[in-house]
Every structure is written in structure tokens, then in C-alpha cells.
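Structure below is run_22.cif: mmCIF, C-alpha atoms and all ligand atoms.
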```
data_structure
#
loop_
_atom_site.label_atom_id
_atom_site.label_comp_id
_atom_site.auth_asym_id
_atom_site.auth_seq_id
_atom_site.Cartn_x
_atom_site.Cartn_y
_atom_site.Cartn_z
CA MET I 1153 -7.97 49.60 -8.40
CA ALA I 1154 -6.35 53.00 -7.86
CA ARG I 1155 -7.97 56.43 -7.71
CA ILE I 1156 -6.39 58.39 -10.56
CA LEU I 1157 -6.70 62.12 -11.07
CA VAL I 1158 -6.32 63.09 -14.74
CA THR I 1159 -5.81 66.79 -15.43
CA GLY I 1160 -6.40 67.95 -18.99
CA ALA I 1161 -9.11 65.27 -19.22
CA SER I 1162 -10.79 67.02 -22.16
CA GLY I 1163 -7.57 67.00 -24.19
CA LEU I 1164 -6.48 64.44 -26.79
CA LEU I 1165 -4.36 62.43 -24.39
CA GLY I 1166 -6.43 63.02 -21.27
CA ILE I 1167 -9.73 61.78 -22.68
CA ASN I 1168 -8.18 58.63 -24.12
CA LEU I 1169 -6.24 57.95 -20.91
CA ALA I 1170 -9.37 58.34 -18.83
CA GLN I 1171 -11.42 56.20 -21.22
CA GLU I 1172 -8.74 53.52 -21.24
CA MET I 1173 -8.36 53.40 -17.47
CA ILE I 1174 -11.99 53.43 -16.31
CA SER I 1175 -12.43 49.70 -16.65
CA GLU I 1176 -9.86 49.03 -13.91
CA HIS I 1177 -9.52 52.27 -11.97
CA GLU I 1178 -11.52 55.06 -10.40
CA ILE I 1179 -10.97 58.11 -12.58
CA VAL I 1180 -11.53 61.72 -11.63
CA GLY I 1181 -10.92 64.19 -14.47
CA VAL I 1182 -10.27 67.92 -14.38
CA ASP I 1183 -11.21 70.27 -17.18
CA ARG I 1184 -12.57 73.77 -17.57
CA GLY I 1185 -16.09 72.87 -18.67
CA LYS I 1186 -16.11 70.95 -21.97
CA LEU I 1187 -16.84 67.55 -20.44
CA VAL I 1188 -20.51 67.25 -19.49
CA ASN I 1189 -21.34 63.60 -20.16
CA ALA I 1190 -18.16 61.72 -19.34
CA PRO I 1191 -18.42 58.24 -17.82
CA PHE I 1192 -16.20 59.36 -14.92
CA LYS I 1193 -16.36 62.13 -12.35
CA VAL I 1194 -15.23 65.51 -13.70
CA LEU I 1195 -14.24 68.59 -11.71
CA LYS I 1196 -14.53 71.92 -13.47
CA VAL I 1197 -11.43 73.81 -12.38
CA ASP I 1198 -9.08 76.38 -13.85
CA LEU I 1199 -5.80 74.98 -12.58
CA LEU I 1200 -4.14 78.39 -12.85
CA ASP I 1201 -6.45 79.79 -10.16
CA SER I 1202 -4.66 80.39 -6.90
CA GLY I 1203 -4.85 77.36 -4.59
CA ALA I 1204 -6.58 75.19 -7.24
CA VAL I 1205 -4.00 72.37 -7.28
CA ASP I 1206 -3.94 71.94 -3.51
CA SER I 1207 -7.70 72.08 -3.17
CA VAL I 1208 -8.29 69.49 -5.96
CA LEU I 1209 -5.73 67.12 -4.46
CA ASP I 1210 -7.20 67.52 -0.98
CA SER I 1211 -10.75 66.86 -2.14
CA VAL I 1212 -9.97 63.93 -4.50
CA GLN I 1213 -7.10 62.36 -2.53
CA PRO I 1214 -5.84 60.35 -5.52
CA GLU I 1215 -3.12 57.72 -5.41
CA TRP I 1216 -1.89 58.83 -8.84
CA LEU I 1217 -1.99 62.18 -10.64
CA ILE I 1218 -1.41 62.16 -14.40
CA ASN I 1219 -0.94 65.69 -15.68
CA CYS I 1220 -2.11 66.07 -19.28
CA ALA I 1221 -2.97 69.77 -18.91
CA ALA I 1222 -0.73 72.03 -20.98
CA LEU I 1223 -0.58 74.72 -23.59
CA ALA I 1224 0.21 72.17 -26.28
CA ASP I 1225 -0.48 74.25 -29.40
CA LEU I 1226 2.96 75.28 -30.66
CA ASP I 1227 1.81 78.41 -32.43
CA ALA I 1228 -0.32 79.48 -29.42
CA CYS I 1229 2.83 79.19 -27.28
CA GLU I 1230 4.73 81.50 -29.66
CA ALA I 1231 1.83 83.99 -29.44
CA ASN I 1232 1.51 83.79 -25.64
CA PRO I 1233 4.81 82.79 -24.01
CA GLU I 1234 3.66 83.93 -20.57
CA LEU I 1235 0.67 81.56 -20.60
CA ALA I 1236 2.95 78.80 -21.93
CA ARG I 1237 5.33 79.37 -19.03
CA ARG I 1238 2.54 79.26 -16.45
CA LEU I 1239 0.90 76.09 -17.84
CA ASN I 1240 3.97 74.19 -18.96
CA ILE I 1241 6.44 75.08 -16.19
CA ASP I 1242 4.88 76.67 -13.11
CA LEU I 1243 1.79 74.43 -12.96
CA PRO I 1244 3.59 71.07 -13.21
CA ALA I 1245 6.22 72.26 -10.72
CA GLN I 1246 3.45 73.15 -8.29
CA MET I 1247 1.77 69.77 -8.89
CA ALA I 1248 5.03 67.91 -8.28
CA ARG I 1249 5.54 69.77 -5.00
CA ALA I 1250 1.97 69.13 -3.90
CA CYS I 1251 2.14 65.42 -4.84
CA LYS I 1252 5.40 64.91 -3.02
CA ALA I 1253 3.97 66.47 0.14
CA ARG I 1254 0.99 64.09 -0.02
CA ASP I 1255 2.82 60.94 -1.18
CA ILE I 1256 0.89 60.87 -4.48
CA SER I 1257 2.62 59.26 -7.49
CA PHE I 1258 2.96 61.97 -10.12
CA VAL I 1259 3.21 61.51 -13.89
CA HIS I 1260 3.99 64.54 -16.01
CA ILE I 1261 3.65 64.48 -19.80
CA SER I 1262 6.41 66.12 -21.81
CA THR I 1263 7.26 66.03 -25.50
CA ASP I 1264 9.68 64.61 -28.06
CA ALA I 1265 10.19 68.20 -29.23
CA VAL I 1266 12.83 69.02 -26.60
CA PHE I 1267 15.45 68.03 -29.20
CA ASP I 1268 16.57 70.13 -32.16
CA GLY I 1269 16.44 67.17 -34.52
CA ARG I 1270 20.03 67.49 -35.75
CA LYS I 1271 21.12 64.08 -34.49
CA ASP I 1272 21.52 61.35 -37.06
CA GLY I 1273 19.69 58.47 -35.40
CA PHE I 1274 17.61 57.83 -32.28
CA TYR I 1275 17.73 60.16 -29.26
CA ASN I 1276 18.06 58.61 -25.83
CA GLU I 1277 17.23 60.20 -22.48
CA GLU I 1278 20.83 61.34 -21.89
CA ASP I 1279 21.17 63.16 -25.20
CA LEU I 1280 21.65 66.90 -25.19
CA THR I 1281 18.38 68.81 -25.52
CA ASN I 1282 18.06 71.98 -27.56
CA PRO I 1283 14.42 73.04 -27.83
CA LEU I 1284 13.62 75.18 -30.86
CA GLY I 1285 10.57 77.24 -29.87
CA VAL I 1286 8.57 78.56 -26.91
CA TYR I 1287 6.52 75.35 -26.58
CA SER I 1288 9.57 73.10 -26.54
CA LYS I 1289 11.55 75.38 -24.23
CA THR I 1290 8.73 75.57 -21.70
CA LYS I 1291 8.18 71.80 -21.86
CA LEU I 1292 11.87 71.16 -21.18
CA ASP I 1293 11.88 73.61 -18.26
CA GLY I 1294 8.71 71.89 -17.01
CA GLU I 1295 10.49 68.50 -17.01
CA ARG I 1296 13.37 69.92 -15.02
CA ALA I 1297 11.11 71.72 -12.56
CA VAL I 1298 9.06 68.55 -11.93
CA LEU I 1299 12.08 66.32 -11.34
CA SER I 1300 13.76 68.84 -9.08
CA GLU I 1301 10.59 69.10 -6.94
CA ASP I 1302 9.87 65.36 -6.84
CA GLU I 1303 12.62 62.89 -7.72
CA ASN I 1304 10.04 60.07 -7.61
CA ALA I 1305 7.91 61.62 -10.35
CA ILE I 1306 7.68 60.05 -13.79
CA VAL I 1307 8.27 62.39 -16.75
CA VAL I 1308 7.52 60.95 -20.17
CA ARG I 1309 8.39 62.41 -23.55
CA VAL I 1310 5.58 61.39 -25.86
CA ASN I 1311 4.10 61.77 -29.32
CA PHE I 1312 0.71 60.13 -29.78
CA TYR I 1313 -2.35 60.11 -31.98
CA GLY I 1314 -5.97 59.18 -31.38
CA TRP I 1315 -9.58 60.31 -31.58
CA SER I 1316 -10.25 63.60 -29.79
CA LEU I 1317 -13.20 65.37 -28.21
CA GLY I 1318 -13.41 67.97 -30.98
CA GLY I 1319 -12.52 65.51 -33.75
CA ARG I 1320 -9.63 67.60 -35.08
CA ARG I 1321 -6.82 67.57 -32.52
CA SER I 1322 -4.56 64.80 -33.78
CA LEU I 1323 -2.51 64.36 -36.93
CA ALA I 1324 -4.30 61.08 -37.60
CA GLU I 1325 -7.65 62.91 -37.53
CA PHE I 1326 -6.23 65.56 -39.88
CA PHE I 1327 -5.39 62.92 -42.49
CA PHE I 1328 -8.58 60.92 -41.89
CA ASN I 1329 -10.95 63.94 -42.00
CA ASN I 1330 -9.48 65.25 -45.25
CA LEU I 1331 -9.09 61.91 -47.01
CA ILE I 1332 -12.61 60.74 -46.18
CA ASP I 1333 -13.88 63.95 -47.84
CA ASN I 1334 -11.61 63.20 -50.83
CA LYS I 1335 -9.61 66.38 -50.17
CA THR I 1336 -5.92 66.73 -51.00
CA VAL I 1337 -3.41 67.38 -48.21
CA SER I 1338 0.32 67.72 -47.77
CA GLY I 1339 2.43 65.34 -45.70
CA PHE I 1340 5.92 66.33 -44.57
CA THR I 1341 8.61 63.97 -45.76
CA ASP I 1342 11.33 65.65 -43.71
CA VAL I 1343 9.78 65.44 -40.23
CA ILE I 1344 10.42 62.04 -38.68
CA PHE I 1345 8.65 60.94 -35.50
CA CYS I 1346 7.59 57.82 -33.60
CA PRO I 1347 3.81 57.86 -33.25
CA ILE I 1348 1.96 55.72 -30.71
CA LEU I 1349 -1.79 55.37 -30.13
CA ALA I 1350 -2.97 57.41 -27.11
CA ASN I 1351 -4.62 54.27 -25.66
CA ASP I 1352 -1.28 52.44 -25.85
CA THR I 1353 0.33 55.42 -24.10
CA ALA I 1354 -2.25 55.04 -21.32
CA ARG I 1355 -1.62 51.30 -20.92
CA VAL I 1356 2.14 51.80 -20.77
CA LEU I 1357 1.76 54.57 -18.17
CA VAL I 1358 -0.27 52.27 -15.93
CA LYS I 1359 2.47 49.64 -16.18
CA MET I 1360 5.08 52.27 -15.27
CA LEU I 1361 3.08 53.33 -12.24
CA LYS I 1362 2.51 49.75 -11.12
CA LYS I 1363 6.25 49.08 -11.43
CA LYS I 1364 6.95 52.26 -9.45
CA LEU I 1365 9.34 53.60 -12.07
CA SER I 1366 10.60 57.15 -11.64
CA GLY I 1367 12.54 59.71 -13.64
CA LEU I 1368 12.69 60.59 -17.31
CA TYR I 1369 11.55 58.18 -20.04
CA HIS I 1370 10.84 58.24 -23.75
CA LEU I 1371 7.36 56.82 -24.30
CA VAL I 1372 6.81 56.78 -28.06
CA GLY I 1373 6.21 54.14 -30.68
CA PRO I 1374 9.10 51.83 -31.55
CA GLN I 1375 8.83 52.62 -35.30
CA ALA I 1376 10.01 55.91 -36.81
CA MET I 1377 8.39 57.36 -39.92
CA SER I 1378 7.85 60.67 -41.69
CA LYS I 1379 4.59 62.53 -41.24
CA TYR I 1380 3.92 61.83 -44.93
CA GLN I 1381 4.42 58.09 -44.37
CA PHE I 1382 2.11 58.28 -41.35
CA GLY I 1383 -0.60 59.78 -43.58
CA VAL I 1384 -0.08 57.02 -46.12
CA GLU I 1385 -0.41 54.38 -43.37
CA ILE I 1386 -3.70 55.97 -42.23
CA ALA I 1387 -4.96 56.08 -45.83
CA ARG I 1388 -4.10 52.42 -46.42
CA ARG I 1389 -5.65 51.19 -43.16
CA PHE I 1390 -8.90 53.09 -43.79
CA ASN I 1391 -8.91 52.18 -47.49
CA LEU I 1392 -8.73 55.83 -48.54
CA ASP I 1393 -6.92 57.32 -51.52
CA GLU I 1394 -3.26 57.81 -50.55
CA SER I 1395 -2.58 59.72 -53.78
CA ASN I 1396 -4.50 62.62 -52.17
CA ILE I 1397 -1.47 63.12 -49.89
CA SER I 1398 1.33 65.10 -51.57
CA PRO I 1399 4.82 64.67 -50.21
CA LYS I 1400 6.13 68.11 -49.16
CA SER I 1401 8.98 69.62 -47.20
CA ILE I 1402 8.10 71.37 -43.95
CA LEU I 1403 10.24 74.22 -45.24
CA SER I 1404 7.40 75.01 -47.66
CA SER I 1405 4.79 75.28 -44.87
CA THR I 1406 3.33 78.37 -43.22
CA LEU I 1407 3.58 76.97 -39.68
CA VAL I 1408 4.84 79.63 -37.25
CA ALA I 1409 6.74 77.72 -34.55
CA PRO I 1410 10.02 76.07 -35.54
CA ARG I 1411 9.89 72.25 -35.78
CA ALA I 1412 12.71 69.71 -35.55
CA HIS I 1413 13.28 67.37 -38.50
CA ASN I 1414 14.31 64.26 -36.61
CA LEU I 1415 12.32 63.23 -33.55
CA ARG I 1416 13.32 59.57 -33.48
CA LEU I 1417 13.33 58.68 -29.79
CA SER I 1418 14.79 55.48 -28.43
CA THR I 1419 12.50 53.56 -26.08
CA HIS I 1420 15.30 51.23 -24.98
CA LYS I 1421 15.36 52.51 -21.38
CA LEU I 1422 11.61 52.13 -20.95
CA SER I 1423 11.31 48.71 -22.58
CA THR I 1424 14.26 47.46 -20.52
CA ASP I 1425 12.79 48.75 -17.25
CA LEU I 1426 9.33 47.41 -18.10
CA GLY I 1427 10.75 44.09 -19.29
CA GLU I 1428 8.72 44.23 -22.50
CA SER I 1429 8.77 46.01 -25.82
CA LEU I 1430 6.46 48.91 -26.57
CA PRO I 1431 3.37 48.31 -28.73
CA GLU I 1432 4.06 48.06 -32.47
CA PHE I 1433 2.83 50.83 -34.75
CA SER I 1434 0.70 48.38 -36.78
CA THR I 1435 -1.07 47.10 -33.64
CA GLY I 1436 -1.96 50.64 -32.60
CA LEU I 1437 -3.13 51.55 -36.10
CA ASN I 1438 -5.35 48.46 -36.21
CA GLU I 1439 -6.86 49.47 -32.88
CA PHE I 1440 -7.38 53.04 -34.15
CA TYR I 1441 -9.28 51.56 -37.12
CA THR I 1442 -11.31 49.18 -34.93
CA GLN I 1443 -12.23 52.11 -32.69
CA TYR I 1444 -13.57 53.89 -35.78
CA GLU I 1445 -15.61 50.85 -36.82
CA GLN I 1446 -17.04 50.53 -33.31
CA GLY I 1447 -18.10 54.19 -32.98
CA TYR I 1448 -15.41 55.21 -30.49
CA PRO I 1449 -14.94 58.71 -32.04
CA GLN I 1450 -18.68 59.43 -31.66
CA LYS I 1451 -18.65 58.07 -28.11
CA ILE I 1452 -15.73 60.34 -27.14
CA ARG I 1453 -17.41 63.36 -28.76
CA SER I 1454 -20.66 62.69 -26.91
CA TYR I 1455 -18.85 63.47 -23.64
CA ALA I 1456 -18.52 67.13 -24.67
CA GLN I 1457 -21.12 69.82 -24.81
N1 LIG S 1501 -0.68 66.04 -29.16
C1 LIG S 1501 0.54 65.50 -29.31
O1 LIG S 1501 0.82 64.78 -30.28
C2 LIG S 1501 1.61 65.73 -28.28
C3 LIG S 1501 2.93 65.50 -28.66
C4 LIG S 1501 3.91 65.62 -27.73
C5 LIG S 1501 3.60 65.97 -26.42
N2 LIG S 1501 2.31 66.23 -26.08
C6 LIG S 1501 2.03 66.59 -24.68
O2 LIG S 1501 1.00 65.75 -24.21
C7 LIG S 1501 0.20 66.45 -23.25
C8 LIG S 1501 -1.27 66.40 -23.66
O3 LIG S 1501 -1.39 67.00 -24.94
P1 LIG S 1501 -2.78 67.05 -25.71
O4 LIG S 1501 -2.47 67.08 -27.15
O5 LIG S 1501 -3.69 66.04 -25.15
O6 LIG S 1501 -3.26 68.52 -25.29
P2 LIG S 1501 -4.65 69.23 -25.59
O7 LIG S 1501 -5.53 68.36 -26.42
O8 LIG S 1501 -4.34 70.61 -26.08
O9 LIG S 1501 -5.29 69.35 -24.13
C9 LIG S 1501 -4.79 70.22 -23.18
C10 LIG S 1501 -5.62 70.09 -21.93
O10 LIG S 1501 -5.14 71.03 -20.95
C11 LIG S 1501 -6.28 71.64 -20.35
N3 LIG S 1501 -5.99 72.95 -19.81
C12 LIG S 1501 -5.37 73.97 -20.43
N4 LIG S 1501 -5.32 75.04 -19.60
C13 LIG S 1501 -5.93 74.67 -18.44
C14 LIG S 1501 -6.21 75.33 -17.22
N5 LIG S 1501 -5.84 76.61 -17.00
N6 LIG S 1501 -6.88 74.65 -16.25
C15 LIG S 1501 -7.27 73.37 -16.45
N7 LIG S 1501 -7.03 72.69 -17.58
C16 LIG S 1501 -6.37 73.34 -18.57
C17 LIG S 1501 -7.27 71.75 -21.48
O11 LIG S 1501 -8.55 71.99 -20.96
P3 LIG S 1501 -9.65 72.81 -21.81
O12 LIG S 1501 -10.34 71.79 -22.65
O13 LIG S 1501 -10.53 73.37 -20.76
O14 LIG S 1501 -8.92 73.84 -22.61
C18 LIG S 1501 -7.11 70.37 -22.12
O15 LIG S 1501 -7.87 69.42 -21.42
C19 LIG S 1501 0.78 67.86 -23.16
O16 LIG S 1501 1.67 67.92 -22.09
C20 LIG S 1501 1.54 68.00 -24.47
O17 LIG S 1501 2.61 68.90 -24.32
C21 LIG S 1501 1.31 66.15 -26.98
#
```

As C-alpha cells, how would this structure be written, given the file I've shared?
Amino acid sequence: MARILVTGASGLLGINLAQEMISEHEIVGVDRGKLVNAPFKVLKVDLLDSGAVDSVLDSVQPEWLINCAALADLDACEANPELARRLNIDLPAQMARACKARDISFVHISTDAVFDGRKDGFYNEEDLTNPLGVYSKTKLDGERAVLSEDENAIVVRVNFYGWSLGGRRSLAEFFFNNLIDNKTVSGFTDVIFCPILANDTARVLVKMLKKKLSGLYHLVGPQAMSKYQFGVEIARRFNLDESNISPKSILSSTLVAPRAHNLRLSTHKLSTDLGESLPEFSTGLNEFYTQYEQGYPQKIRSYAQ
């Protein structure tokens, strides 16, 4: 059992990571006040406050820190680039420095969106990055800052789905919430990504930490699909009406921040270093459905005030 500090514990990834890891590890979460009933210890801290990172690490003394705190809303980053810079670059750099000084294993979460999507095929870790918007640019600079502060840190580029505290954070919840109410939605046919269940992401991260991996890895699902196809897969698994999803181009959307069309990421490096393949999309989707049947979304939401 390790003591693991999870920052951003109220976020989509953080809450599922913490939930996934509590059976085997001691979890301490950090958030700014949403979590009131979580089944693990939670510290209410604004990580941007001066001295906050050092004082949390000194009081918790974790073996591992997994940083899920970020400004992860693309349009919010466009509206507030200064806050994006502080949360996505300065904060993880500070964490990496503080972890290195204390011999704490540090995992920082990045994004698939560091690429411009113009490649025909799967991106590997050596491929040229070219982030398109403020979010992606700050995430890429955050990766670089972390690895230059702590060469033993793990930085993972992810794209996950799952049940969230507010019930509306993930793309899977977007499709589910609308389809269950028999509402029509659009699904982009020209944005390709490699979704993985947040709980699978958590299990893979634990394996990476146990194996003492370090450096940059792609941690996404092994199957690529369009966002439209993802919606169809959700509809089919939950027995909802897939004809309520209209195939659309992202070019017709009103989203503010630019988005890449191809975010197929190769997981070859990670599966080779782990000695096993990453969880299949269908396995994760089945688990997402089983979670629904077993009341997991309500359980997660009951942790918040
Ligand atoms: N969602 C995706 O599909 C996706 C895709 C690619 C990469 N990622 C990356 O994955 C990571 C997690 O994303 P997510 O979707 O789980 O994010 P999220 O749901 O937006 O959660 C962000 C977390 O950061 C916390 N936070 C923000 N500012 C803070 C501050 N000043 N002090 C303390 N905590 C603060 C938030 O706490 P509050 O609740 O208090 O605001 C929240 O817990 C991010 O690095 C993101 O870039 C996500």
C-alpha cells in the first residue's frame, strides 16, 4: 500500500482515480471545497496560493503525487490564458520541483491535444507537437516544465471518459444524458480520438508507478474512433436510440477553441514498457455500463455538496 496524493480530486479523472485506488492504497485528495463526503481524506486547498504545494506535501508526505488539477476547459483557457498558464505550466513545474526535492514519485497528466492533427495515422511520443489553442499550448509547456524539473517524473498524454461529480463533465455523459432524455445531439465525424475509461487510466497509472517508469507516455485507448462513433457505441451499450445522434462536421460547431481532427495516439511505447496491451475499448465501455447499473454515478455524486 502506498500513500497517494491526488490533486484535482473533484475533477473527472481525479475522482475516478481516487475511487479506483482506495481499495489498495491510502488516498489523500486535494480540492477547493466540492468534496464533502468522499471515502478518503480530502484537504481543501487552493494550489495557486503561495506555499500551498510545499505545505501539502510536507503535511501528507505521500510516496506518489498524481496531479489531475488543471484548467482543462478549452474555451475557459482561451478566455483566461493567464490562469491557464498558472495552472497548466507553473503549478506542475512547482510540483515537479517539490517532488524531486522530497523523493516523491510524480505523475503529471497532459493531453492528446498537443498535436495539430494533420498527421495521417497514429502519433507517437517522438512526433512533432504543434498545439492549436491556449489549452494545448499550456499543456505542452507544462509537460516540458515538469520533465525539465524532474527527469524521473511520469507525464502521460490522455483522453478518458467516465462518470463525474457533477454528472456532465465527460463526453460519454453528454451522449448518455441527452439520449436517455430522448434528445437529439450532434456527433463529430471528423474528430478522431482514442478514448479510455478513467478507471482503466487509473489502473494503468498504478502499474506505471509500480514499474518505476519515467518520462513521456501516451496513455489512451488502443482503438481510434470518431466522436460520432463514440456516441453510437454509448447508445448501443445503453440500449438507447442511436438515430438521435446526427453525424456532423466540427467545422459546423460554435466551439471557440480550435480542435485537432486526428488525435490517434500510439500506445506502443507504453504497452511495450508495461509488457501488456492497454485495456480494450469494449472492456472499458462494458465497465462504464456496469458502473451505471450498480449506481456508481450516484455514489460519485454523493461525495459532493
Ligand atoms: N477530460 C478529458 O477528456 C481530458 C482529455 C485530455 C486531457 N485531460 C487532462 O486530464 C487532467 C484532468 O482533467 P479533468 O477533465 O479531470 O479536469 P476537471 O474535471 O476540469 O478537474 C480539474 C480539477 O482541478 C482542480 N483545480 C483547478 N484549479 C485549482 C486550484 N487553484 N487549486 C486546487 N485545485 C484546482 C479542480 O478543483 P475544483 O473542483 O475546486 O475546481 C478539479 O478538481 C487535466 O490535466 C486535463 O488537462 C483531460

Counting all atoms listed in the file, which residues of chain I fall within 7 Å of ligand LIG 1501 (chain S), and what is the closest atom pair for each with its distance in Å at one decimal, ordered by chain and rising number, as CSV?
```
residue,atom,partner,partner_atom,distance
I:Thr1159,CA,S:LIG1501,N7,6.4
I:Gly1160,CA,S:LIG1501,O15,3.2
I:Ala1161,CA,S:LIG1501,O15,4.9
I:Ser1162,CA,S:LIG1501,O15,3.9
I:Gly1163,CA,S:LIG1501,O9,3.3
I:Leu1164,CA,S:LIG1501,O5,3.6
I:Leu1165,CA,S:LIG1501,O5,3.7
I:Gly1166,CA,S:LIG1501,O5,5.6
I:Val1182,CA,S:LIG1501,C15,6.6
I:Asp1183,CA,S:LIG1501,O13,4.8
I:Arg1184,CA,S:LIG1501,O13,3.8
I:Gly1185,CA,S:LIG1501,O13,6.0
I:Lys1186,CA,S:LIG1501,O12,5.9
I:Val1197,CA,S:LIG1501,C15,5.8
I:Asp1198,CA,S:LIG1501,N6,3.7
I:Leu1199,CA,S:LIG1501,N6,3.8
I:Leu1200,CA,S:LIG1501,N5,4.8
I:Cys1220,CA,S:LIG1501,C8,4.5
I:Ala1221,CA,S:LIG1501,O10,3.2
I:Ala1222,CA,S:LIG1501,O10,4.5
I:Leu1223,CA,S:LIG1501,C12,5.8
I:Ala1224,CA,S:LIG1501,O17,4.5
I:Asp1225,CA,S:LIG1501,O8,6.3
I:Leu1239,CA,S:LIG1501,N4,6.5
I:Ile1261,CA,S:LIG1501,O16,4.6
I:Ser1262,CA,S:LIG1501,O16,5.1
I:Thr1263,CA,S:LIG1501,C5,3.8
I:Asp1264,CA,S:LIG1501,C4,5.9
I:Ala1265,CA,S:LIG1501,C4,7.0
I:Lys1291,CA,S:LIG1501,O17,6.7
I:Arg1309,CA,S:LIG1501,C5,6.6
I:Val1310,CA,S:LIG1501,C4,4.9
I:Asn1311,CA,S:LIG1501,C3,4.0
I:Phe1312,CA,S:LIG1501,O1,4.7
I:Tyr1313,CA,S:LIG1501,O1,5.9
I:Arg1321,CA,S:LIG1501,O7,6.3
I:Ser1322,CA,S:LIG1501,N1,6.2
```

Could you give me, as CSV, a per-residue list for segment 1241-1313 of chain I showing, wherever an atom lies at most 6 Å from an atom of segment 1402-1413 of chain I, the closest pair of atoms and their distance in Å to one decimal, using all atoms listed in the file and sorting by chain then residue number from low to high?
```
residue,atom,partner,partner_atom,distance
I:Asp1268,CA,I:Ala1412,CA,5.2
I:Gly1269,CA,I:Ala1412,CA,4.6
I:Leu1284,CA,I:Pro1410,CA,6.0
I:Gly1285,CA,I:Pro1410,CA,5.8
```

Nearest candidate to Leu1349 of chain I (options I:Leu1371, I:Val1308, I:Leu1157, I:Val1337; using only C-alpha atoms):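 Smallest distance to Leu1349 of chain I is found for I:Leu1371.
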
Between atom CA of Val1307 of chain I and atom CA of Thr1341 of chain I, distance in Å (one decimal): 29.1 Å

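One distance worth recording is that between atom CA of Phe1345 of chain I and atom CA of Met1360 of chain I, which is 22.3 Å.
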
Non-local contacts of Val1358 of chain I (10 Å; only C-alpha atoms; under 4 positions in same chain excluded) as a VMD selection string: chain I and resid 1169 1173 1216 1352 to 1354 1362 to 1364

Residue with smallest distance to Asn1438 of chain I - pool I:Leu1235, I:Val1212, I:Ile1348, I:Cys1251, counting all atoms listed in the file: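 So, comparing all the options, the nearest one is I:Ile1348.
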
Pairwise distance for atom CA of Tyr1455 of chain I and atom CA of Asn1189 of chain I, rounded to one decimal in Å: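 Separation between atom CA of Tyr1455 of chain I and atom CA of Asn1189 of chain I: 4.3 Å.
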
Proximity to Thr1290 of chain I - best of I:Asn1240, I:Asn1330, I:Gln1450, I:Thr1435, all atoms listed in the file: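 With all atoms listed in the file as the atom set, the closest residue is I:Asn1240.
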
Distance criterion (all atoms listed in the file): nearest to Thr1442 of chain I out of I:Leu1361, I:Val1372, I:Phe1327, I:Trp1315: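 Ranked by minimum distance to Thr1442 of chain I, first place goes to I:Trp1315.
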
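Distance check against Leu1209 of chain I using all atoms listed in the file: of I:Asp1227, I:Asp1255, I:Glu1428, I:Asp1333, the minimum falls on I:Asp1255.
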
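Compared by their closest atoms to Val1259 of chain I, and using all atoms listed in the file, the residues I:Gly1367, I:Gly1273, I:Pro1431, I:Gly1447 rank with I:Gly1367 nearest.
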
Once N, CA, C and O atoms are restored for segment 1310-1323 of chain I, what would the output be as a PDB file, in the frame of the given file?
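For reference, result30.pdb as written:
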```pdb
ATOM      1  N   VAL I1310       6.530  62.170 -25.064  1.00  0.00           N
ATOM      2  CA  VAL I1310       5.580  61.390 -25.860  1.00  0.00           C
ATOM      3  C   VAL I1310       5.372  62.005 -27.235  1.00  0.00           C
ATOM      4  O   VAL I1310       5.788  63.137 -27.497  1.00  0.00           O
ATOM      5  N   ASN I1311       4.710  61.250 -28.089  1.00  0.00           N
ATOM      6  CA  ASN I1311       4.100  61.770 -29.320  1.00  0.00           C
ATOM      7  C   ASN I1311       3.056  60.756 -29.747  1.00  0.00           C
ATOM      8  O   ASN I1311       3.400  59.649 -30.127  1.00  0.00           O
ATOM      9  N   PHE I1312       1.786  61.109 -29.632  1.00  0.00           N
ATOM     10  CA  PHE I1312       0.710  60.130 -29.780  1.00  0.00           C
ATOM     11  C   PHE I1312      -0.338  60.639 -30.766  1.00  0.00           C
ATOM     12  O   PHE I1312      -0.363  61.814 -31.128  1.00  0.00           O
ATOM     13  N   TYR I1313      -1.210  59.723 -31.155  1.00  0.00           N
ATOM     14  CA  TYR I1313      -2.350  60.110 -31.980  1.00  0.00           C
ATOM     15  C   TYR I1313      -3.579  59.368 -31.446  1.00  0.00           C
ATOM     16  O   TYR I1313      -3.457  58.408 -30.666  1.00  0.00           O
ATOM     17  N   GLY I1314      -4.745  59.823 -31.853  1.00  0.00           N
ATOM     18  CA  GLY I1314      -5.970  59.180 -31.380  1.00  0.00           C
ATOM     19  C   GLY I1314      -7.171  60.007 -31.788  1.00  0.00           C
ATOM     20  O   GLY I1314      -7.044  61.001 -32.500  1.00  0.00           O
ATOM     21  N   TRP I1315      -8.335  59.578 -31.329  1.00  0.00           N
ATOM     22  CA  TRP I1315      -9.580  60.310 -31.580  1.00  0.00           C
ATOM     23  C   TRP I1315      -9.762  61.317 -30.459  1.00  0.00           C
ATOM     24  O   TRP I1315      -9.562  60.987 -29.291  1.00  0.00           O
ATOM     25  N   SER I1316     -10.162  62.551 -30.813  1.00  0.00           N
ATOM     26  CA  SER I1316     -10.250  63.600 -29.790  1.00  0.00           C
ATOM     27  C   SER I1316     -11.691  64.082 -29.618  1.00  0.00           C
ATOM     28  O   SER I1316     -12.560  63.809 -30.443  1.00  0.00           O
ATOM     29  N   LEU I1317     -11.884  64.836 -28.548  1.00  0.00           N
ATOM     30  CA  LEU I1317     -13.200  65.370 -28.210  1.00  0.00           C
ATOM     31  C   LEU I1317     -13.782  66.239 -29.336  1.00  0.00           C
ATOM     32  O   LEU I1317     -14.951  66.132 -29.669  1.00  0.00           O
ATOM     33  N   GLY I1318     -12.933  67.079 -29.917  1.00  0.00           N
ATOM     34  CA  GLY I1318     -13.410  67.970 -30.980  1.00  0.00           C
ATOM     35  C   GLY I1318     -13.275  67.363 -32.368  1.00  0.00           C
ATOM     36  O   GLY I1318     -13.724  67.959 -33.351  1.00  0.00           O
ATOM     37  N   GLY I1319     -12.639  66.200 -32.470  1.00  0.00           N
ATOM     38  CA  GLY I1319     -12.520  65.510 -33.750  1.00  0.00           C
ATOM     39  C   GLY I1319     -11.434  66.040 -34.672  1.00  0.00           C
ATOM     40  O   GLY I1319     -11.316  65.601 -35.823  1.00  0.00           O
ATOM     41  N   ARG I1320     -10.619  67.000 -34.174  1.00  0.00           N
ATOM     42  CA  ARG I1320      -9.630  67.600 -35.080  1.00  0.00           C
ATOM     43  C   ARG I1320      -8.265  67.810 -34.437  1.00  0.00           C
ATOM     44  O   ARG I1320      -7.427  68.524 -34.972  1.00  0.00           O
ATOM     45  N   ARG I1321      -8.034  67.223 -33.262  1.00  0.00           N
ATOM     46  CA  ARG I1321      -6.820  67.570 -32.520  1.00  0.00           C
ATOM     47  C   ARG I1321      -5.582  66.817 -33.004  1.00  0.00           C
ATOM     48  O   ARG I1321      -4.474  67.322 -32.922  1.00  0.00           O
ATOM     49  N   SER I1322      -5.769  65.588 -33.510  1.00  0.00           N
ATOM     50  CA  SER I1322      -4.560  64.800 -33.780  1.00  0.00           C
ATOM     51  C   SER I1322      -4.220  64.754 -35.268  1.00  0.00           C
ATOM     52  O   SER I1322      -5.072  64.960 -36.138  1.00  0.00           O
ATOM     53  N   LEU I1323      -2.965  64.448 -35.544  1.00  0.00           N
ATOM     54  CA  LEU I1323      -2.510  64.360 -36.930  1.00  0.00           C
ATOM     55  C   LEU I1323      -3.255  63.251 -37.670  1.00  0.00           C
ATOM     56  O   LEU I1323      -3.588  63.394 -38.851  1.00  0.00           O
TER      57      LEU I1323
END
```
